[in-house]
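Everything below concerns the one structure shown next.
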Amino acid sequence: MIWTNSRKLAAGLAIATALSSVAVALPAQAATLRMAWSQDATGLDPHKQTAFSSLRLLELIYEPLVRLDPELNIVPAIAASWEFAPDAKTLTFKLDPNAKFSNGETVTPADVKASFERVLDEATSAAARSNFLSIASIDTPDDETVVFNLSTADVPILAAMANINAAIVPASEIAAGSIGTTALGSGPFKLDSWEPNAKEVLSANTEWAGGELAIDGIDVTVLPDETAILASLRAGQIDFALINDPLIATLVPNEPNLQLNRVGGLAYNVLQLNPSRPPMDNLLVRQAMSCAINRQEIIDAALVGEGVVTGPMTVPAFAQDPNSLFCYEQDVEKAKQLMEEAGMAEGFTATVIAATGEPPVAASEAQVLQAQLAEIGVTLEIEMMELNVYVDTWLKGDFDMAVAQNGGRPDPYPMYNRYFTKEGNLLGVSNFVDDTLDSLMKQGQAETDPAKRVEIFQEFERHLAEQAPWLWLSTSYTYTAQLKTVTGFEPSPTGTLFGLTKVAIQ
Amino acid sequence: MHYLAQRLLTFPLILLGVSVLVFVSIRLIPGDAITAMLGTEAGMLTPDQRAALASYFGIDQPVWSQYLRWLGGLLQGDLGISTIYARPIFSIILERFPLTLELALLAMLIALSIGIPLGVLAATRNGRPSDLGVRLLAMLGQSTPSFVLGIMIIFVLSVAFGVVPPMGIFTPLWQDPLANLSQLIFPAITLGFAFAASVTRISRSAMLDVLSEDYVRTARSKGVPALSVVWHHALPNALIPVVTLSGVEFGYLLGGAVIVEQIFALPGLGRLVLDAISQRDYALVQGTVIFIAFNFLVVNLLVDLAYAALDPRIRLGGK
């Protein structure tokens with residue numbers, strides 16, 4: 001009887017499989033891209049959202065004045081052209097006369113002015129506000145010109161404007177107080193519906209100035225488990241997906257019908273030391289730790305080889321050979337010697353915090369670091385935390401060390417100003433003040449000559465690596481996976497999905 | 001009737017206790033709606049910006065005052081507004097509940113229809129290889145975590161058959177029964193598997209007890225056919241512990257099959273509460289937990305009433 005039962009069970013399973021394949025076999029909507037991601041957007045206000053997934057969604061709906069192309073060059077979006085005055089204190093934009101919101105209204109200088117005033121208004125709590133504090137006033141001399149008058153020379157402000165946190169929203173919607181509840185932008189897609197943590201339905205915005213799209217829209221499904229995302233791709237149930245976990249990403253190329261898009265990201269994996277706590281307040285100890293670790297080994301073991309050794313500068317235009325930085329080649333003998341000079345030959349014990357699943361490799365990174373640092377007598381106790389708890393602890397600077405993945409910016413100034421200058425908002429996280437870093441950062445902000453800026457920030461990088469308040473480890477890749485029937489997608493180091501505007505489905 | 005009134009009177013007290021517990025515990029964990037929304041960027045906020053956001057999320061008041069305000073709303077049937085969904089919480093719960101209810105019922109159906117026959121089979125073949133086989137299977141069922149089984153099912157389906165159950169969306173039963181079933185059958189198997197194992201074990205041991213009772217021996221000696229003894233005389237009495245187990249387990253299932261809903265991306269109550277916790281939507285966590293607690297109480301009451309129906313010897317209320 002047991003066999004009869006199991007046969008029944010098998011038959012039931014077969015029927016159920018058939019049932020689900022019936023559902024699967026239903027034809028997809030003509031040219032709608034079926035997309036999945038594991039984390040959903042957390043809100044619709046482009047000025048307030050900072051979560052990766054929110055930015056990815058909002059970049060399809062809204063537009064900033066300028067945007068970054070896949071090589072990180074600044075290219076037109078709502079603005080057709082722009083110019084800095086020689087003293088870098090005035091920035092003038094000419095708007096694209098064809099730029100329209102999805103309701104058909106033209107994007108005007110008044111919309112631009114109202115958007116930036118909203119970002120600067122403290123009551124908005126805009127996350128990017130600190131990048132725009134140099135804006136003294138905004139003039140709108142005619143119906144296609146916007147002039148930003150800056151209180152100090154501020155070259156990085158242009159790159160900061162190429163971010164969806166500086167999106168241009170309709171002045172009328174600001175006045176109506178409906179930003180965040182409706183999503184009325186000038187971008188390539190319109191948001192038809194959104195069910196948080198479940199799905200988004202986007203349709204092509206026929207008013208978009210960037211040209212016609214080859215797809216009718218995008219249906220986004222939230223599949224929290226990336227194994228399920230891979231399975232759905234395999235079964236052809238979705239066309240395109242965002243992948244965070246390198247382990248899942250490495251499985252994609254094994255599938256004949258799938259293609260993996262991989263691009264080096266700007267975000268960096270780092271071991272943050274807390275230089276306000278002994279013995280990490282001792283330069284020699286920090287340097288010893290930097291010499292003791294083997295960055296490539298961490299990539300191979302914890303990131304399944306999916307990463308590149310990096311110094312603080314992850315932006316390709318500013319990066320230099322990491323091997324030229326202080327102790328980037330592992331040197332355990334030197335590390336032990338430095339520990340001895342610091343009077344710490346016996347080693348010490350410290351706690352390292354890491355967030356569960358953010359990034360997915362955080363725990364394994366911490367474990368490899370634990371093993372490597374044990375060589376010089378440093379005992380790491382790993383404390384894994386739920387993401388929100390981690391963020392709270394991290395913001396308070398309440399840790400000995402932290403395994404972190406920090407977001408990158410296309411310009412070094414907004415990327416590190418927050419941590420390593422005397423006015424930095426996140427000084428409480430880095431706990432590291434250094435006159436050289438501070439003055440180099442200020443020079444980099446005012447310098448308009450691109451070649452000189454590169455020199456300044458490379459010196460900044462060398463000094464930072466030598467002071468070793470943090471140990472920069474690697475940049476990860478950002479991944480998308482797609483069916484081979486999808487063509488034309490251009491991935492970008494910023495992780496943006498704007499490349500979907502060029503996608504066609506065969 | 002007296003018993004029923006007594007039980008119903010304890011409901012508000014239990015719910016009040018639950019509400020205090022959940023209200024305090026969700027606020028004890030570090031992080032708040034602001035860090036949940038902004039992540040590490042929350043550190044870039046000025047104190048004024050932070051205050052503005054705190055007031056927007058309603059977390060600028062002292063905890064006791066937040067609680068009283070929330071309780072006041074609750075007494076008027078108002079669970080508040082979710083910050084994630086920007087909608088009344090009760091309507092979100094009602095939207096998510098049918099899926100979880102159906103999933104729980106389906107899992108229960110699978111568990112009982114596999115577990116009871118297997119348990120009976122094992123009991124009647126006590127000590128023989130088939131009994132051993134069933135016990136092994138039950139052990140396996142109980143010790144396989146649902147996330148392992150769920151991921152294995154998805155993996156095997158997608159690799160071997162090139163299909164996966166449609167995920168992420170939910171088609172209500174009344175709209176398209178076939179699509180609905182194809183969505184829920186595998187999650188229900190995942191969920192029902194461990195439960196089936198418990199049912200098997202409980203019904204086996206209960207059956208063994210009953211089969212050694214005098215009245216069963218009497219029935220046998222009277223010449224009642226073996227099958228009839230098992231199914232008509234023994235089984236109804238052996239079912240009582242199964243009912244108890246099912247009641248408790250069903251309450252848990254209604255509490256949201258968090259893991260299974262997460263793996264199969266089903267928008268049910270379990271995922272709702274998980275997302276609400278990770279995004280620190282306090283009101284949504286509170287509302288959903290209260291709703292789940294209420295269901296748990298109702299199911300358990302129904303189970304108690306079912307005892308009396310199954311076994312006339314049981315008199316509720318101790319009279």
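Going through the structure tokens in order, the chains are called A, B, and so on, while each chain numbers its residues from 1 and the ligands are numbered from 1 in the order shown.
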
Would you give me, as JSON lines, each residue of chain A having an atom within 8 Å of an atom of chain B, along with its shortest atom pair and that distance in Å to one decimal, using only C-alpha atoms and sorting by chain and residue number?
{"residue": "A:Met1", "atom": "CA", "partner": "B:Leu121", "partner_atom": "CA", "distance": 7.9}
{"residue": "A:Ile2", "atom": "CA", "partner": "B:Ser130", "partner_atom": "CA", "distance": 7.0}
{"residue": "A:Ala16", "atom": "CA", "partner": "B:Ser182", "partner_atom": "CA", "distance": 6.4}
{"residue": "A:Thr17", "atom": "CA", "partner": "B:Ser182", "partner_atom": "CA", "distance": 7.7}
{"residue": "A:Leu19", "atom": "CA", "partner": "B:Ser182", "partner_atom": "CA", "distance": 5.4}
{"residue": "A:Ser20", "atom": "CA", "partner": "B:Ser182", "partner_atom": "CA", "distance": 4.4}
{"residue": "A:Ser21", "atom": "CA", "partner": "B:Val163", "partner_atom": "CA", "distance": 6.1}
{"residue": "A:Ala23", "atom": "CA", "partner": "B:Ala179", "partner_atom": "CA", "distance": 5.8}
{"residue": "A:Val24", "atom": "CA", "partner": "B:Pro166", "partner_atom": "CA", "distance": 6.9}
{"residue": "A:Thr42", "atom": "CA", "partner": "B:Met37", "partner_atom": "CA", "distance": 6.6}
{"residue": "A:Gly43", "atom": "CA", "partner": "B:Ile84", "partner_atom": "CA", "distance": 7.4}
{"residue": "A:Lys48", "atom": "CA", "partner": "B:Leu38", "partner_atom": "CA", "distance": 7.7}
{"residue": "A:Gln49", "atom": "CA", "partner": "B:Leu38", "partner_atom": "CA", "distance": 6.5}
{"residue": "A:Thr50", "atom": "CA", "partner": "B:Leu38", "partner_atom": "CA", "distance": 5.3}
{"residue": "A:Ala51", "atom": "CA", "partner": "B:Leu38", "partner_atom": "CA", "distance": 6.4}
{"residue": "A:Glu122", "atom": "CA", "partner": "B:Gln49", "partner_atom": "CA", "distance": 5.6}
{"residue": "A:Ala123", "atom": "CA", "partner": "B:Gln49", "partner_atom": "CA", "distance": 5.9}
{"residue": "A:Thr124", "atom": "CA", "partner": "B:Gln49", "partner_atom": "CA", "distance": 7.2}
{"residue": "A:Ser125", "atom": "CA", "partner": "B:Gln49", "partner_atom": "CA", "distance": 4.7}
{"residue": "A:Ala126", "atom": "CA", "partner": "B:Leu45", "partner_atom": "CA", "distance": 8.0}
{"residue": "A:Ala127", "atom": "CA", "partner": "B:Met44", "partner_atom": "CA", "distance": 6.6}
{"residue": "A:Ser130", "atom": "CA", "partner": "B:Met44", "partner_atom": "CA", "distance": 7.3}
{"residue": "A:Glu195", "atom": "CA", "partner": "B:Tyr85", "partner_atom": "CA", "distance": 7.6}
{"residue": "A:Pro196", "atom": "CA", "partner": "B:Tyr85", "partner_atom": "CA", "distance": 6.3}
{"residue": "A:Asn197", "atom": "CA", "partner": "B:Asp275", "partner_atom": "CA", "distance": 7.5}
{"residue": "A:Ala198", "atom": "CA", "partner": "B:Gly168", "partner_atom": "CA", "distance": 6.1}
{"residue": "A:Lys199", "atom": "CA", "partner": "B:Gly168", "partner_atom": "CA", "distance": 7.3}
{"residue": "A:Thr221", "atom": "CA", "partner": "B:Gly168", "partner_atom": "CA", "distance": 5.6}
{"residue": "A:Val222", "atom": "CA", "partner": "B:Gly168", "partner_atom": "CA", "distance": 5.9}
{"residue": "A:Leu223", "atom": "CA", "partner": "B:Ala265", "partner_atom": "CA", "distance": 5.1}
{"residue": "A:Pro224", "atom": "CA", "partner": "B:Gln262", "partner_atom": "CA", "distance": 6.1}
{"residue": "A:Asp225", "atom": "CA", "partner": "B:Ile263", "partner_atom": "CA", "distance": 5.5}
{"residue": "A:Thr227", "atom": "CA", "partner": "B:Ile151", "partner_atom": "CA", "distance": 7.2}
{"residue": "A:Ala228", "atom": "CA", "partner": "B:Ile154", "partner_atom": "CA", "distance": 6.8}
{"residue": "A:Ala231", "atom": "CA", "partner": "B:Ser158", "partner_atom": "CA", "distance": 5.3}
{"residue": "A:Ser232", "atom": "CA", "partner": "B:Val164", "partner_atom": "CA", "distance": 6.2}
{"residue": "A:Arg234", "atom": "CA", "partner": "B:Ser158", "partner_atom": "CA", "distance": 6.2}
{"residue": "A:Ala235", "atom": "CA", "partner": "B:Gly162", "partner_atom": "CA", "distance": 4.6}
{"residue": "A:Gly236", "atom": "CA", "partner": "B:Val163", "partner_atom": "CA", "distance": 7.9}
{"residue": "A:Gln237", "atom": "CA", "partner": "B:Pro166", "partner_atom": "CA", "distance": 7.6}
{"residue": "A:Asn388", "atom": "CA", "partner": "B:Gly31", "partner_atom": "CA", "distance": 5.2}
{"residue": "A:Val389", "atom": "CA", "partner": "B:Pro30", "partner_atom": "CA", "distance": 5.0}
{"residue": "A:Val391", "atom": "CA", "partner": "B:Thr40", "partner_atom": "CA", "distance": 5.8}
{"residue": "A:Asp392", "atom": "CA", "partner": "B:Gly31", "partner_atom": "CA", "distance": 5.1}
{"residue": "A:Thr393", "atom": "CA", "partner": "B:Pro30", "partner_atom": "CA", "distance": 7.9}
{"residue": "A:Trp394", "atom": "CA", "partner": "B:Thr40", "partner_atom": "CA", "distance": 7.7}
{"residue": "A:Leu395", "atom": "CA", "partner": "B:Gly43", "partner_atom": "CA", "distance": 6.0}
{"residue": "A:Arg418", "atom": "CA", "partner": "B:Met44", "partner_atom": "CA", "distance": 7.9}
{"residue": "A:Asn425", "atom": "CA", "partner": "B:Met44", "partner_atom": "CA", "distance": 5.3}
{"residue": "A:Leu426", "atom": "CA", "partner": "B:Gly43", "partner_atom": "CA", "distance": 6.0}

Where in stretch 76-201 of chain B does DSSP assign helix (DSSP H, G or I), given as a VMD selection string? chain B and resid 89 to 124 129 to 143 146 to 161 177 to 201

One decimal, in Å: what's the spacing between atom CA of A:Glu341 and atom CA of A:Ala288? 9.9 Å

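Closest approach to A:Cys291 among A:Ser172, A:Pro410, A:Glu466, A:Ile215 is made by A:Glu466 (distances from only C-alpha atoms).
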
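In this model, the gap between atom CA of B:Ala234 and atom CA of B:Leu109 comes to 21.3 Å.
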
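Here the question is which of A:Gly264, A:Pro279, A:Pro322, A:Pro46 gets nearest to A:Gly180 using only C-alpha atoms, and that residue is A:Pro46.
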
So which residues touch stretch 330-339 of chain A within 10 Å, counting only C-alpha atoms, skipping near sequence neighbours fewer than 5 positions away, as a PyMOL selection string? chain A and resi 282-297+344-347+372-373+375-378

Any idea what's packed within 7 Å of A:Arg56, counting only C-alpha atoms, ignoring anything in its chain fewer than 4 positions away? Could you give it as a list in words? Phe52, Thr496 and Leu497 of chain A

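When only C-alpha atoms are used to compute distances to B:Ala238, the closest of the residues B:Leu28, B:Gln142, B:Glu213, B:Ala293 turns out to be B:Glu213.
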
Please identify all polymer residues within 10 Å of A:Asn163, counting only C-alpha atoms, omitting same-chain residues fewer than 2 positions from it, and present them as a PyMOL selection string. chain A and resi 46-47+55+59+63-68+128+158-161+165-167+409-410+494

Env of B:Val273: 9 Å cut, atoms = only C-alpha atoms, seq-sep filter 6 positions within chain, self excluded. Answer as a PyMOL selection string. chain B and resi 256+258+284-286+288-289

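Comparing the minimum interatomic distances between A:Phe132 and each of A:Glu383, A:Glu144, A:Asp435, A:Asp154, counting only C-alpha atoms, we find that A:Asp154 sits nearest.
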
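In this comparison, which uses only C-alpha atoms, the residue of A:Gly343, A:Pro141, A:Pro156, A:Pro109 approaching A:Val169 most closely is A:Pro109.
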
Which polymer residues have any atom within 8 Å of an atom of stretch 187-192 of chain A, counting only C-alpha atoms, with same-chain residues fewer than 6 positions away left out, as a compact mmCIF listing (two decimals) with C-alpha atoms, in the first residue's frame?
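The resulting part-v9.txt:
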# COMPACT_ATOMS: atom_id res chain seq x y z
CA GLU A 59 15.76 56.07 -13.19
CA LEU A 60 13.27 54.60 -15.64
CA ILE A 61 10.56 57.10 -14.72
CA TYR A 62 12.36 60.35 -13.94
CA GLU A 63 15.30 62.17 -15.47
CA PHE A 101 6.67 65.00 -18.68
CA SER A 102 4.57 61.92 -19.34
CA GLU A 200 5.47 47.14 -10.81
CA VAL A 201 3.90 47.70 -14.20
CA LEU A 202 5.65 50.19 -16.46
CA SER A 203 4.62 51.27 -19.94
CA ALA A 204 6.62 53.16 -22.56
CA ASN A 205 6.32 56.94 -22.26
CA THR A 206 5.39 58.11 -25.75
CA TRP A 208 9.93 60.79 -23.97
CA GLY A 210 15.03 60.31 -25.96
CA LEU A 213 11.42 52.36 -27.41
CA GLY A 217 6.66 48.23 -21.23
CA THR A 501 15.70 51.81 -23.23
